[in-house]
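So this block is input-v9.cif, mmCIF, C-alpha atoms:
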```
data_data
loop_
_atom_site.label_atom_id
_atom_site.label_comp_id
_atom_site.auth_asym_id
_atom_site.auth_seq_id
_atom_site.Cartn_x
_atom_site.Cartn_y
_atom_site.Cartn_z
CA MET F 1 -1.25 -8.84 43.95
CA PRO F 2 -2.54 -7.31 40.66
CA PHE F 3 -5.76 -8.63 39.22
CA PRO F 4 -5.19 -10.86 36.17
CA ILE F 5 -5.64 -9.78 32.57
CA SER F 6 -5.68 -11.77 29.36
CA HIS F 7 -2.18 -11.81 27.91
CA ARG F 8 -3.67 -13.16 24.69
CA ILE F 9 -5.59 -9.90 24.25
CA ALA F 10 -2.74 -7.75 25.55
CA ARG F 11 -0.49 -9.08 22.77
CA VAL F 12 -2.94 -8.01 20.05
CA GLN F 13 -2.00 -4.76 18.31
CA SER F 14 -4.07 -1.74 19.32
CA PRO F 15 -6.28 -0.46 16.47
CA VAL F 16 -4.45 2.47 14.94
CA ILE F 17 -7.49 4.46 13.78
CA PRO F 18 -8.53 5.46 17.35
CA ILE F 19 -4.93 6.55 18.02
CA VAL F 20 -4.89 8.70 14.89
CA GLY F 21 -8.39 9.90 15.79
CA GLN F 22 -7.12 11.11 19.15
CA TRP F 23 -4.35 13.10 17.47
CA VAL F 24 -6.92 14.59 15.10
CA ASN F 25 -9.11 15.63 18.03
CA GLU F 26 -6.11 17.33 19.62
CA HIS F 27 -5.68 19.42 16.45
CA PRO F 28 -9.07 20.90 15.54
CA GLY F 29 -9.55 21.65 11.87
CA THR F 30 -7.56 18.61 10.71
CA ILE F 31 -8.90 17.07 7.51
CA SER F 32 -9.10 13.30 7.89
CA MET F 33 -7.94 11.10 5.05
CA GLY F 34 -7.69 8.27 7.52
CA GLN F 35 -10.93 6.42 8.20
CA GLY F 36 -12.62 4.44 5.45
CA VAL F 37 -16.07 5.98 5.14
CA VAL F 38 -17.95 7.67 2.30
CA TYR F 39 -19.00 11.30 2.07
CA TYR F 40 -22.65 10.65 1.18
CA PRO F 41 -25.57 9.78 3.50
CA PRO F 42 -27.82 6.70 3.45
CA PRO F 43 -30.54 6.56 0.78
CA PRO F 44 -33.78 8.39 1.69
CA THR F 45 -35.73 5.16 1.11
CA ILE F 46 -34.59 3.89 4.50
CA VAL F 47 -37.15 6.19 6.17
CA GLU F 48 -39.89 3.84 5.02
CA GLY F 49 -38.03 0.94 6.59
CA LEU F 50 -37.79 2.79 9.89
CA GLN F 51 -41.51 3.51 9.80
CA LYS F 52 -42.24 -0.17 9.22
CA PHE F 53 -39.99 -1.06 12.14
CA HIS F 54 -41.86 1.27 14.49
CA SER F 55 -45.28 0.14 13.29
CA ASP F 56 -44.90 -3.32 14.84
CA PRO F 57 -44.28 -3.48 18.63
CA LEU F 58 -42.83 -6.97 18.22
CA ASN F 59 -39.86 -5.44 16.40
CA HIS F 60 -38.58 -4.28 19.78
CA GLN F 61 -38.10 -7.91 20.75
CA TYR F 62 -35.42 -10.38 19.66
CA LYS F 63 -35.67 -11.69 16.12
CA GLN F 64 -34.14 -14.66 14.32
CA VAL F 65 -30.40 -15.04 14.77
CA GLN F 66 -29.94 -15.31 11.00
CA GLY F 67 -31.82 -12.12 10.16
CA ILE F 68 -35.34 -10.99 9.36
CA PRO F 69 -36.95 -12.88 6.43
CA GLU F 70 -37.44 -9.72 4.30
CA LEU F 71 -33.73 -8.91 4.41
CA LEU F 72 -32.62 -12.49 3.82
CA ASP F 73 -34.84 -12.65 0.72
CA ALA F 74 -33.51 -9.32 -0.59
CA LEU F 75 -29.90 -10.41 -0.02
CA LYS F 76 -30.47 -13.76 -1.71
CA PHE F 77 -31.80 -11.92 -4.79
CA LYS F 78 -28.88 -9.46 -4.76
CA LEU F 79 -26.27 -12.22 -4.42
CA SER F 80 -27.73 -14.14 -7.34
CA ASN F 81 -28.10 -11.19 -9.70
CA GLU F 82 -24.92 -9.26 -8.89
CA ASN F 83 -22.41 -11.78 -7.56
CA GLY F 84 -23.49 -14.99 -9.26
CA ILE F 85 -23.70 -16.63 -5.83
CA GLN F 86 -26.65 -19.00 -5.62
CA VAL F 87 -27.89 -19.36 -2.05
CA GLN F 88 -29.62 -22.72 -2.27
CA ALA F 89 -30.71 -22.89 1.36
CA ARG F 90 -31.37 -20.42 4.16
CA ASP F 91 -28.64 -22.18 6.15
CA GLN F 92 -26.01 -20.56 3.92
CA LEU F 93 -26.85 -16.91 4.64
CA MET F 94 -26.63 -14.82 7.84
CA VAL F 95 -27.04 -11.12 8.60
CA THR F 96 -24.32 -9.80 10.92
CA ALA F 97 -23.46 -6.57 12.70
CA GLY F 98 -21.04 -5.54 9.98
CA SER F 99 -18.59 -7.72 8.06
CA ASN F 100 -16.12 -7.57 10.98
CA MET F 101 -18.54 -9.72 12.96
CA ALA F 102 -18.92 -12.04 9.97
CA PHE F 103 -15.15 -12.53 9.95
CA MET F 104 -15.07 -13.22 13.70
CA ASN F 105 -17.91 -15.72 13.29
CA ALA F 106 -16.02 -17.55 10.55
CA ILE F 107 -12.68 -17.75 12.39
CA MET F 108 -14.33 -18.88 15.62
CA ALA F 109 -16.25 -21.61 13.78
CA ILE F 110 -13.30 -23.16 11.91
CA THR F 111 -10.23 -22.83 14.16
CA GLU F 112 -8.89 -24.36 17.35
CA PHE F 113 -6.21 -22.77 19.50
CA GLY F 114 -2.96 -22.67 17.50
CA ASP F 115 -4.54 -23.21 14.08
CA GLU F 116 -3.29 -20.97 11.29
CA VAL F 117 -5.02 -18.55 8.93
CA ILE F 118 -3.08 -17.28 5.91
CA LEU F 119 -3.23 -13.49 5.54
CA PRO F 120 -1.66 -12.00 2.40
CA LYS F 121 -0.11 -8.61 3.14
CA PRO F 122 -1.25 -5.93 3.21
CA TYR F 123 -3.99 -7.28 5.45
CA TYR F 124 -6.93 -5.49 7.03
CA PHE F 125 -5.75 -4.94 10.60
CA ASN F 126 -9.03 -6.04 12.21
CA HIS F 127 -8.62 -9.42 10.50
CA GLU F 128 -5.18 -9.92 12.02
CA MET F 129 -6.44 -8.75 15.41
CA ALA F 130 -9.43 -11.12 15.34
CA ILE F 131 -7.29 -14.13 14.48
CA ASN F 132 -4.90 -13.45 17.34
CA MET F 133 -7.68 -12.66 19.82
CA LEU F 134 -9.23 -16.05 19.16
CA GLY F 135 -6.00 -17.90 19.84
CA ALA F 136 -5.27 -18.75 16.21
CA VAL F 137 -2.12 -17.70 14.34
CA ALA F 138 -2.00 -15.19 11.49
CA ARG F 139 0.47 -16.61 8.98
CA CYS F 140 1.34 -13.68 6.74
CA VAL F 141 2.41 -13.81 3.10
CA GLU F 142 4.53 -11.02 1.63
CA PRO F 143 3.18 -9.27 -1.48
CA GLY F 144 4.88 -8.54 -4.76
CA ALA F 145 5.57 -4.98 -5.92
CA ASP F 146 1.97 -4.81 -7.18
CA MET F 147 0.70 -5.64 -3.66
CA LEU F 148 -0.69 -8.97 -4.81
CA PRO F 149 0.36 -12.35 -3.41
CA SER F 150 1.59 -15.05 -5.72
CA LEU F 151 -0.12 -18.42 -5.71
CA THR F 152 3.29 -19.98 -5.04
CA SER F 153 3.85 -17.89 -1.92
CA ILE F 154 0.41 -18.77 -0.59
CA GLU F 155 0.92 -22.47 -1.29
CA SER F 156 4.30 -22.37 0.45
CA ALA F 157 2.66 -20.93 3.58
CA ILE F 158 0.24 -23.85 3.98
CA THR F 159 0.96 -26.22 6.87
CA SER F 160 -0.93 -29.02 8.58
CA ARG F 161 -2.49 -26.38 10.87
CA THR F 162 -3.77 -24.11 8.08
CA ARG F 163 -7.53 -23.70 8.21
CA ALA F 164 -8.23 -20.78 5.86
CA ILE F 165 -6.83 -18.34 3.31
CA VAL F 166 -8.17 -14.77 3.39
CA THR F 167 -8.49 -12.49 0.37
CA ILE F 168 -9.78 -8.90 0.28
CA SER F 169 -10.81 -7.57 -3.10
CA PRO F 170 -11.03 -4.67 -3.73
CA ASN F 171 -8.33 -4.45 -1.13
CA ASN F 172 -8.12 -2.45 2.06
CA PRO F 173 -5.57 -0.78 2.33
CA SER F 174 -4.13 -0.91 -1.19
CA GLY F 175 -7.21 -0.48 -3.39
CA VAL F 176 -5.88 -3.30 -5.58
CA VAL F 177 -8.51 -5.45 -7.31
CA PHE F 178 -7.52 -9.12 -7.40
CA PRO F 179 -7.64 -10.66 -10.90
CA LYS F 180 -10.35 -13.26 -11.42
CA SER F 181 -7.66 -15.77 -12.38
CA LEU F 182 -5.83 -15.37 -9.05
CA LEU F 183 -9.02 -15.63 -6.96
CA THR F 184 -10.06 -18.69 -8.94
CA SER F 185 -6.68 -20.33 -8.39
CA ILE F 186 -6.74 -19.58 -4.66
CA ASN F 187 -10.26 -20.98 -4.35
CA GLN F 188 -9.28 -24.12 -6.23
CA LEU F 189 -6.19 -24.52 -4.03
CA CYS F 190 -8.40 -24.31 -0.95
CA ARG F 191 -10.71 -26.97 -2.34
CA GLU F 192 -7.81 -29.31 -3.11
CA ARG F 193 -6.19 -28.87 0.32
CA GLY F 194 -9.35 -28.98 2.43
CA ILE F 195 -8.96 -25.32 3.48
CA TYR F 196 -11.59 -22.59 3.66
CA HIS F 197 -11.44 -19.51 1.45
CA ILE F 198 -12.63 -16.36 3.25
CA SER F 199 -13.40 -13.72 0.63
CA ASP F 200 -13.94 -10.19 1.99
CA GLU F 201 -15.84 -8.14 -0.60
CA ALA F 202 -16.88 -5.05 1.38
CA TYR F 203 -15.76 -2.67 -1.41
CA GLU F 204 -17.32 -4.58 -4.32
CA TYR F 205 -19.00 -1.50 -5.88
CA PHE F 206 -16.03 0.87 -5.67
CA LEU F 207 -14.27 0.36 -9.00
CA TYR F 208 -12.44 2.70 -11.41
CA ASP F 209 -10.77 2.66 -14.82
CA GLY F 210 -12.89 -0.22 -16.11
CA ALA F 211 -12.07 -2.65 -13.28
CA THR F 212 -14.53 -5.46 -12.55
CA HIS F 213 -15.33 -7.33 -9.36
CA PHE F 214 -15.37 -11.13 -9.07
CA SER F 215 -16.86 -13.23 -6.27
CA PRO F 216 -15.10 -16.60 -5.79
CA GLY F 217 -18.32 -17.89 -4.20
CA SER F 218 -19.82 -17.96 -7.69
CA LEU F 219 -17.48 -20.75 -8.81
CA ASP F 220 -18.94 -24.22 -9.31
CA GLY F 221 -18.26 -26.35 -6.25
CA SER F 222 -17.14 -23.39 -4.12
CA GLU F 223 -20.11 -23.63 -1.76
CA THR F 224 -18.40 -26.36 0.29
CA HIS F 225 -15.43 -24.25 1.39
CA THR F 226 -16.05 -20.56 0.66
CA PHE F 227 -17.10 -17.74 2.96
CA SER F 228 -18.24 -14.58 1.16
CA LEU F 229 -18.34 -11.52 3.43
CA PHE F 230 -20.16 -8.30 2.54
CA SER F 231 -20.94 -4.95 4.16
CA MET F 232 -23.67 -2.37 3.65
CA SER F 233 -21.62 0.26 5.52
CA LYS F 234 -19.63 1.47 2.55
CA ALA F 235 -22.04 1.34 -0.37
CA TYR F 236 -25.02 2.79 1.47
CA GLY F 237 -23.28 5.32 3.68
CA PHE F 238 -24.30 3.87 7.00
CA ALA F 239 -21.20 2.67 8.75
CA SER F 240 -22.66 3.19 12.23
CA TRP F 241 -25.78 1.12 11.48
CA ARG F 242 -23.68 -2.07 11.59
CA ILE F 243 -25.17 -4.23 8.87
CA GLY F 244 -23.21 -6.88 7.03
CA TYR F 245 -23.88 -10.39 5.82
CA MET F 246 -22.09 -13.63 5.09
CA VAL F 247 -22.57 -16.61 2.81
CA MET F 248 -21.05 -19.77 4.30
CA PRO F 249 -20.80 -23.51 3.77
CA GLN F 250 -24.15 -24.89 4.86
CA GLY F 251 -22.70 -27.34 7.37
CA LEU F 252 -21.29 -24.50 9.48
CA MET F 253 -24.58 -22.69 10.16
CA ALA F 254 -25.25 -24.57 13.42
CA SER F 255 -21.85 -23.51 14.80
CA ILE F 256 -22.16 -19.92 13.64
CA LYS F 257 -25.65 -19.64 15.06
CA LYS F 258 -24.21 -20.57 18.46
CA ILE F 259 -21.50 -17.92 18.09
CA GLN F 260 -23.78 -15.11 16.99
CA ASP F 261 -26.53 -15.97 19.49
CA THR F 262 -23.99 -15.80 22.32
CA ASN F 263 -22.28 -12.63 21.14
CA LEU F 264 -25.11 -10.60 19.63
CA ILE F 265 -28.34 -12.64 19.33
CA CYS F 266 -29.31 -10.80 16.15
CA ALA F 267 -28.11 -7.83 14.15
CA PRO F 268 -29.95 -4.61 15.13
CA VAL F 269 -33.48 -5.11 13.83
CA ILE F 270 -34.05 -1.44 13.09
CA SER F 271 -30.94 -1.48 10.90
CA GLN F 272 -32.15 -4.63 9.16
CA HIS F 273 -35.39 -2.90 8.17
CA ALA F 274 -33.35 0.05 6.89
CA GLY F 275 -31.21 -2.42 4.98
CA VAL F 276 -34.23 -3.85 3.18
CA LYS F 277 -35.10 -0.39 1.86
CA ALA F 278 -31.48 0.41 1.03
CA LEU F 279 -31.38 -2.67 -1.18
CA GLU F 280 -34.44 -1.40 -3.02
CA SER F 281 -32.30 1.58 -4.04
CA GLY F 282 -29.60 -0.97 -4.81
CA LYS F 283 -26.22 -0.70 -6.46
CA PRO F 284 -27.15 2.43 -8.49
CA TYR F 285 -27.34 4.41 -5.26
CA CYS F 286 -23.63 3.81 -4.74
CA THR F 287 -22.48 4.02 -8.34
CA GLN F 288 -24.14 7.42 -8.88
CA HIS F 289 -21.61 8.81 -6.39
CA LEU F 290 -18.59 7.15 -8.00
CA PRO F 291 -17.94 9.92 -10.58
CA THR F 292 -17.50 12.42 -7.73
CA MET F 293 -15.17 10.06 -5.90
CA ALA F 294 -13.28 9.36 -9.13
CA LYS F 295 -12.63 13.10 -9.59
CA VAL F 296 -11.24 13.37 -6.07
CA ARG F 297 -9.15 10.24 -6.67
CA GLU F 298 -7.67 11.62 -9.91
CA HIS F 299 -6.93 14.98 -8.31
CA LEU F 300 -5.10 13.17 -5.52
CA LEU F 301 -3.15 10.99 -7.96
CA GLU F 302 -2.15 14.00 -10.07
CA GLY F 303 -0.66 15.68 -7.02
CA LEU F 304 1.13 12.56 -5.82
CA ARG F 305 2.67 11.99 -9.26
CA LYS F 306 4.41 15.35 -8.97
CA LEU F 307 6.26 14.04 -5.91
CA GLN F 308 7.70 11.00 -7.67
CA PRO F 309 10.18 9.36 -7.16
CA PHE F 310 10.05 10.32 -3.46
CA VAL F 311 6.50 8.96 -3.51
CA ARG F 312 5.83 5.55 -5.07
CA ILE F 313 2.16 5.07 -5.90
CA ILE F 314 0.80 1.52 -5.73
CA PRO F 315 -1.39 1.14 -8.86
CA SER F 316 -4.97 0.39 -7.86
CA THR F 317 -8.46 0.42 -9.36
CA GLY F 318 -10.77 -0.20 -6.40
CA ALA F 319 -12.07 0.78 -2.96
CA PHE F 320 -11.36 4.39 -1.93
CA TYR F 321 -7.75 4.11 -0.86
CA ILE F 322 -4.41 5.05 -2.34
CA LEU F 323 -1.39 3.31 -0.89
CA ILE F 324 1.95 5.07 -1.24
CA GLN F 325 5.53 4.33 -0.22
CA LEU F 326 7.88 7.14 0.77
CA ASP F 327 11.60 7.13 0.14
CA THR F 328 12.46 8.03 3.71
CA GLN F 329 13.95 6.51 6.84
CA ILE F 330 11.32 8.16 9.03
CA LYS F 331 8.94 5.66 10.60
CA PRO F 332 5.41 5.73 9.15
CA LEU F 333 3.72 6.54 12.47
CA GLY F 334 6.14 9.44 12.85
CA VAL F 335 5.15 10.72 9.41
CA VAL F 336 1.47 10.46 10.34
CA LYS F 337 2.04 12.45 13.53
CA GLU F 338 4.00 15.08 11.60
CA LEU F 339 1.22 15.45 9.03
CA ILE F 340 -1.43 15.93 11.71
CA GLN F 341 0.49 18.22 14.04
CA LYS F 342 2.07 20.49 11.45
CA HIS F 343 -0.14 20.20 8.37
CA GLN F 344 -3.57 19.28 9.76
CA VAL F 345 -4.18 16.28 7.55
CA ALA F 346 -4.50 12.67 8.71
CA VAL F 347 -3.61 9.37 7.02
CA ILE F 348 -2.97 5.84 8.34
CA PRO F 349 0.48 4.20 8.60
CA GLY F 350 1.03 1.13 6.45
CA SER F 351 2.60 -0.65 9.41
CA ALA F 352 -0.94 -1.19 10.75
CA PHE F 353 -1.58 -3.42 7.72
CA GLY F 354 1.56 -5.52 8.11
CA LEU F 355 3.77 -3.41 5.81
CA GLU F 356 6.73 -3.18 8.15
CA GLN F 357 9.54 -2.80 5.59
CA GLY F 358 9.57 0.77 4.32
CA CYS F 359 7.35 3.76 4.96
CA TYR F 360 3.87 3.12 3.58
CA LEU F 361 0.82 5.34 4.08
CA ARG F 362 -2.84 4.62 3.34
CA ILE F 363 -4.76 7.64 2.06
CA ALA F 364 -8.56 7.40 2.22
CA PHE F 365 -10.43 9.73 -0.13
CA GLY F 366 -13.99 8.40 0.23
CA ALA F 367 -15.03 10.91 2.89
CA LEU F 368 -13.81 13.95 0.95
CA LYS F 369 -16.44 16.11 -0.67
CA GLU F 370 -15.36 18.07 -3.73
CA GLU F 371 -15.25 21.31 -1.74
CA THR F 372 -12.89 19.86 0.90
CA ALA F 373 -10.84 17.70 -1.46
CA ASN F 374 -8.68 20.51 -2.80
CA LYS F 375 -7.75 21.73 0.65
CA GLY F 376 -7.10 18.19 1.91
CA VAL F 377 -4.91 17.27 -1.05
CA GLU F 378 -3.03 20.59 -0.78
CA ARG F 379 -2.27 19.97 2.88
CA LEU F 380 -1.19 16.38 2.23
CA LEU F 381 1.15 17.32 -0.61
CA GLY F 382 2.63 20.15 1.42
CA GLY F 383 3.19 17.80 4.34
CA LEU F 384 4.81 15.13 2.18
CA LYS F 385 7.16 17.73 0.69
CA ALA F 386 8.12 18.78 4.22
CA VAL F 387 8.81 15.15 5.16
CA ARG F 388 10.94 14.78 2.03
CA ASP F 389 12.95 17.88 2.92
CA LEU F 390 13.29 16.78 6.53
CA GLY F 391 14.71 13.46 5.39
CA ARG F 392 17.27 15.22 3.18
CA LYS F 393 18.48 17.30 6.13
CA ARG F 394 19.05 14.17 8.14
#
```
Show the structure stored in the file as structure tokens.
Amino acid sequence: MPFPISHRIARVQSPVIPIVGQWVNEHPGTISMGQGVVYYPPPPTIVEGLQKFHSDPLNHQYKQVQGIPELLDALKFKLSNENGIQVQARDQLMVTAGSNMAFMNAIMAITEFGDEVILPKPYYFNHEMAINMLGAVARCVEPGADMLPSLTSIESAITSRTRAIVTISPNNPSGVVFPKSLLTSINQLCRERGIYHISDEAYEYFLYDGATHFSPGSLDGSETHTFSLFSMSKAYGFASWRIGYMVMPQGLMASIKKIQDTNLICAPVISQHAGVKALESGKPYCTQHLPTMAKVREHLLEGLRKLQPFVRIIPSTGAFYILIQLDTQIKPLGVVKELIQKHQVAVIPGSAFGLEQGCYLRIAFGALKEETANKGVERLLGGLKAVRDLGRKR
């Protein structure tokens, strides 16, 4: 008799990035435009934080579940000055091991088995996976042509089992920045219906063409029903350090403390000390790199425009992703495999983000330095032309 496994976990989609990563490893020299990381390193100021960590032997022991006081104070100041979110009490703010953990904490704290969480497509695949792993149900909402949900479609998806609505702005995978008016309307809808609004803002600093970021947690009265999730991975170039943070309704802190204490105890303390020093460098550390990223982005867009109408570009002004749709019957994962095996360039299939109708691809340009960007874009465009020609032959 075979030993039992969890069918709940078995039914969850496998994360596509490790699959693509394996194909990349099998084809040395492949340029990755797949994973969402930045090309630049963490700020040099973090060295001082690491020295402070090592200077106190007690730092090798467990610390507060919520986070070290120095980091909580720095985050409270940042949230007030940059996001307009006023953290009135310590029981609204927690440091997590990345914003993925913050999302898991939130879903675990507010759902029972079979409860529903509304995910507008395209969703971040780890969100959908987390919801299903925890025994809740991801209730997906189809986007319009601009990859934004309508308020009507979201409202129509609400049932008696709905516990939260998730928004990601700037969006992963589309790069679309949600209008303030739409986020405000969604937040107000949540308040009226007794539903939580989970706002994922990991890419808040990555904006182009005059776009601006808005945090729904800054709205008057939003503190009763809004989760605001943030990450230091993207802006400060330390994805592997696993530092994120969440602002939550105060009444949920006791539950979320239980969850985090059981799962993690506390976010890595050495990373928290580094985070304090990263925040001293602040937003300018990220934004000084945006002109370089913007050049790579424009170079990529110029090339993709030459392949229209075979390539449809989803207009976007945020994050470091370009989402495209190909006029082909070839499955997106098949296109990805073709690009890696024959053209040595990697992207991510849109099907991983819930875009099952049509062939969508997410192109990540954040990791490309200027010297590798030209070669990466050249390979991608050559591969897309080959896919176009292959489709015509069929």
| task | Excluding Leu381 in chain F and any residue of its chain fewer than 3 positions from it, enumerate the residues within 9 Å of it, using all atoms listed in the file, and give them as a PyMOL selection string. | result | chain F and resi 300+303-304+307+376-378+384-386
| task | Report the residues retrieved by the PyMOL selection byres ((chain F and resi 287) around 12) from the displayed file, expressed as a list of chain:residue names. | result |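 Answer for the PyMOL selection byres ((chain F and resi 287) around 12): F:Tyr40, F:Tyr203, F:Glu204, F:Tyr205, F:Phe206, F:Leu207, F:Tyr208, F:Lys234, F:Ala235, F:Tyr236, F:Ser281, F:Gly282, F:Lys283, F:Pro284, F:Tyr285, F:Cys286, F:Gln288, F:His289, F:Leu290, F:Pro291, F:Thr292, F:Met293, F:Ala294.
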| task | Choose the residue, out of F:Gln66, F:Met104, F:Ala352, F:Val345, that has the smallest atom-to-atom separation from Ser14 in chain F; count all atoms listed in the file. | result | F:Ala352
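Among the candidate residues F:Glu356, F:Glu155, F:Glu116, F:Glu201, the one lying nearest to Arg139 in chain F is F:Glu116, with distances computed using all atoms listed in the file.
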| said: Within 7 Å of (-11.0, 7.9, 6.0) (file coordinates; only C-alpha atoms), which protein or nucleic acid residues are there? I'd like them as a PyMOL selection string. | reply: chain F and resi 32-37+364-367
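In this comparison, which uses all atoms listed in the file, the residue of F:Pro42, F:Gly354, F:Gly318, F:Gly334 approaching Ala239 in chain F most closely is F:Pro42.
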| message | What does the structure give for the distance between CA of Glu26 in chain F and CA of Asp327 in chain F, in Å to one decimal? | response |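 So the answer is 28.2 Å.
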| task | Please evaluate the PyMOL selection byres ((chain F and resi 177) around 10) against the structure above and give the resulting residues as a PyMOL selection string. | result | chain F and resi 147-148+168-172+174-176+178-180+203-204+206-208+211-214+315-319
| request: Between CA of Gly350 in chain F and CA of Val141 in chain F, measure the distance and give it in Å to one decimal. | output: 15.4 Å
Enumerate, as a PDB file with C-alpha atoms, in the coordinates of the input, the residues matched when the PyMOL selection byres ((chain F and resi 159) around 12) is run on the file above.
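As written to disk, out29.pdb reads:
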```pdb
ATOM      1  CA  GLY F 114      -2.960 -22.670  17.500  1.00  0.00           C
ATOM      2  CA  ASP F 115      -4.540 -23.210  14.080  1.00  0.00           C
ATOM      3  CA  GLU F 116      -3.290 -20.970  11.290  1.00  0.00           C
ATOM      4  CA  VAL F 117      -5.020 -18.550   8.930  1.00  0.00           C
ATOM      5  CA  ILE F 118      -3.080 -17.280   5.910  1.00  0.00           C
ATOM      6  CA  VAL F 137      -2.120 -17.700  14.340  1.00  0.00           C
ATOM      7  CA  ARG F 139       0.470 -16.610   8.980  1.00  0.00           C
ATOM      8  CA  ILE F 154       0.410 -18.770  -0.590  1.00  0.00           C
ATOM      9  CA  GLU F 155       0.920 -22.470  -1.290  1.00  0.00           C
ATOM     10  CA  SER F 156       4.300 -22.370   0.450  1.00  0.00           C
ATOM     11  CA  ALA F 157       2.660 -20.930   3.580  1.00  0.00           C
ATOM     12  CA  ILE F 158       0.240 -23.850   3.980  1.00  0.00           C
ATOM     13  CA  SER F 160      -0.930 -29.020   8.580  1.00  0.00           C
ATOM     14  CA  ARG F 161      -2.490 -26.380  10.870  1.00  0.00           C
ATOM     15  CA  THR F 162      -3.770 -24.110   8.080  1.00  0.00           C
ATOM     16  CA  ARG F 163      -7.530 -23.700   8.210  1.00  0.00           C
ATOM     17  CA  ALA F 164      -8.230 -20.780   5.860  1.00  0.00           C
ATOM     18  CA  ILE F 165      -6.830 -18.340   3.310  1.00  0.00           C
ATOM     19  CA  ARG F 193      -6.190 -28.870   0.320  1.00  0.00           C
ATOM     20  CA  GLY F 194      -9.350 -28.980   2.430  1.00  0.00           C
ATOM     21  CA  ILE F 195      -8.960 -25.320   3.480  1.00  0.00           C
TER      22      ILE F 195
END
```
| Given the choices F:Ile324, F:Leu355, F:Cys266, F:Val276, which gets closest to Val311 in chain F if the distance is worked out from all atoms listed in the file? | F:Ile324
| said: I need the residue nearest His7 in chain F from this list: F:Ile330, F:Met232, F:Ile265, F:Met133. Use only C-alpha atoms for the distance. | reply: F:Met133
| said: If we count only C-alpha atoms and set the cut-off at 10 Å, which residues sit around Ser240 in chain F, ignoring sequence neighbours fewer than 6 positions away in its own chain? Please answer as a list in words. | reply: Ala97, Gly98, Ser233 and Ser271 of chain F
| message | Ranking F:Ala138, F:Ala102, F:Ser215, F:Asn126 by minimum distance to Ser80 in chain F and counting all atoms listed in the file, which one comes first? | response | F:Ser215
| Pairwise distance for CA of Ala145 in chain F and CA of Asn187 in chain F, rounded to one decimal in Å | 22.6 Å
| request: Write out as an MDAnalysis selection string the residues lying within 7 Å of Pro120 in chain F, counting only C-alpha atoms and excluding same-chain residues fewer than 4 positions away. | output: chainID F and resid 140:143 149
Could you turn the residues from that selection into a file that holds C-alpha atoms, as a compact mmCIF listing (two decimals), in the frame of the given file?
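Contents of result_28.txt, freshly written:
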```txt
# COMPACT_ATOMS: atom_id res chain seq x y z
CA CYS F 140 1.34 -13.68 6.74
CA VAL F 141 2.41 -13.81 3.10
CA GLU F 142 4.53 -11.02 1.63
CA PRO F 143 3.18 -9.27 -1.48
CA PRO F 149 0.36 -12.35 -3.41
```
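Near (-23.6, -16.4, 18.5), the residues inside the 12 Å limit, counting all atoms listed in the file, come to Gln64, Val65, Gln66, Met94, Val95, Thr96, Ala97, Met101, Ala102, Met104, Asn105, Ala106, Met108, Ala109, Met253, Ala254, Ser255, Ile256, Lys257, Lys258, Ile259, Gln260, Asp261, Thr262, Asn263, Leu264, Ile265, Cys266 and Ala267 of chain F.
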Since we have the selection now, will you write its residues out, keeping C-alpha atoms, as a short mmCIF file (atom, residue, chain, number, x, y, z; two decimals), in the frame of the given file?
```cif
data_model
loop_
_atom_site.label_atom_id
_atom_site.label_comp_id
_atom_site.auth_asym_id
_atom_site.auth_seq_id
_atom_site.Cartn_x
_atom_site.Cartn_y
_atom_site.Cartn_z
CA GLN F 64 -34.14 -14.66 14.32
CA VAL F 65 -30.40 -15.04 14.77
CA GLN F 66 -29.94 -15.31 11.00
CA MET F 94 -26.63 -14.82 7.84
CA VAL F 95 -27.04 -11.12 8.60
CA THR F 96 -24.32 -9.80 10.92
CA ALA F 97 -23.46 -6.57 12.70
CA MET F 101 -18.54 -9.72 12.96
CA ALA F 102 -18.92 -12.04 9.97
CA MET F 104 -15.07 -13.22 13.70
CA ASN F 105 -17.91 -15.72 13.29
CA ALA F 106 -16.02 -17.55 10.55
CA MET F 108 -14.33 -18.88 15.62
CA ALA F 109 -16.25 -21.61 13.78
CA MET F 253 -24.58 -22.69 10.16
CA ALA F 254 -25.25 -24.57 13.42
CA SER F 255 -21.85 -23.51 14.80
CA ILE F 256 -22.16 -19.92 13.64
CA LYS F 257 -25.65 -19.64 15.06
CA LYS F 258 -24.21 -20.57 18.46
CA ILE F 259 -21.50 -17.92 18.09
CA GLN F 260 -23.78 -15.11 16.99
CA ASP F 261 -26.53 -15.97 19.49
CA THR F 262 -23.99 -15.80 22.32
CA ASN F 263 -22.28 -12.63 21.14
CA LEU F 264 -25.11 -10.60 19.63
CA ILE F 265 -28.34 -12.64 19.33
CA CYS F 266 -29.31 -10.80 16.15
CA ALA F 267 -28.11 -7.83 14.15
#
```
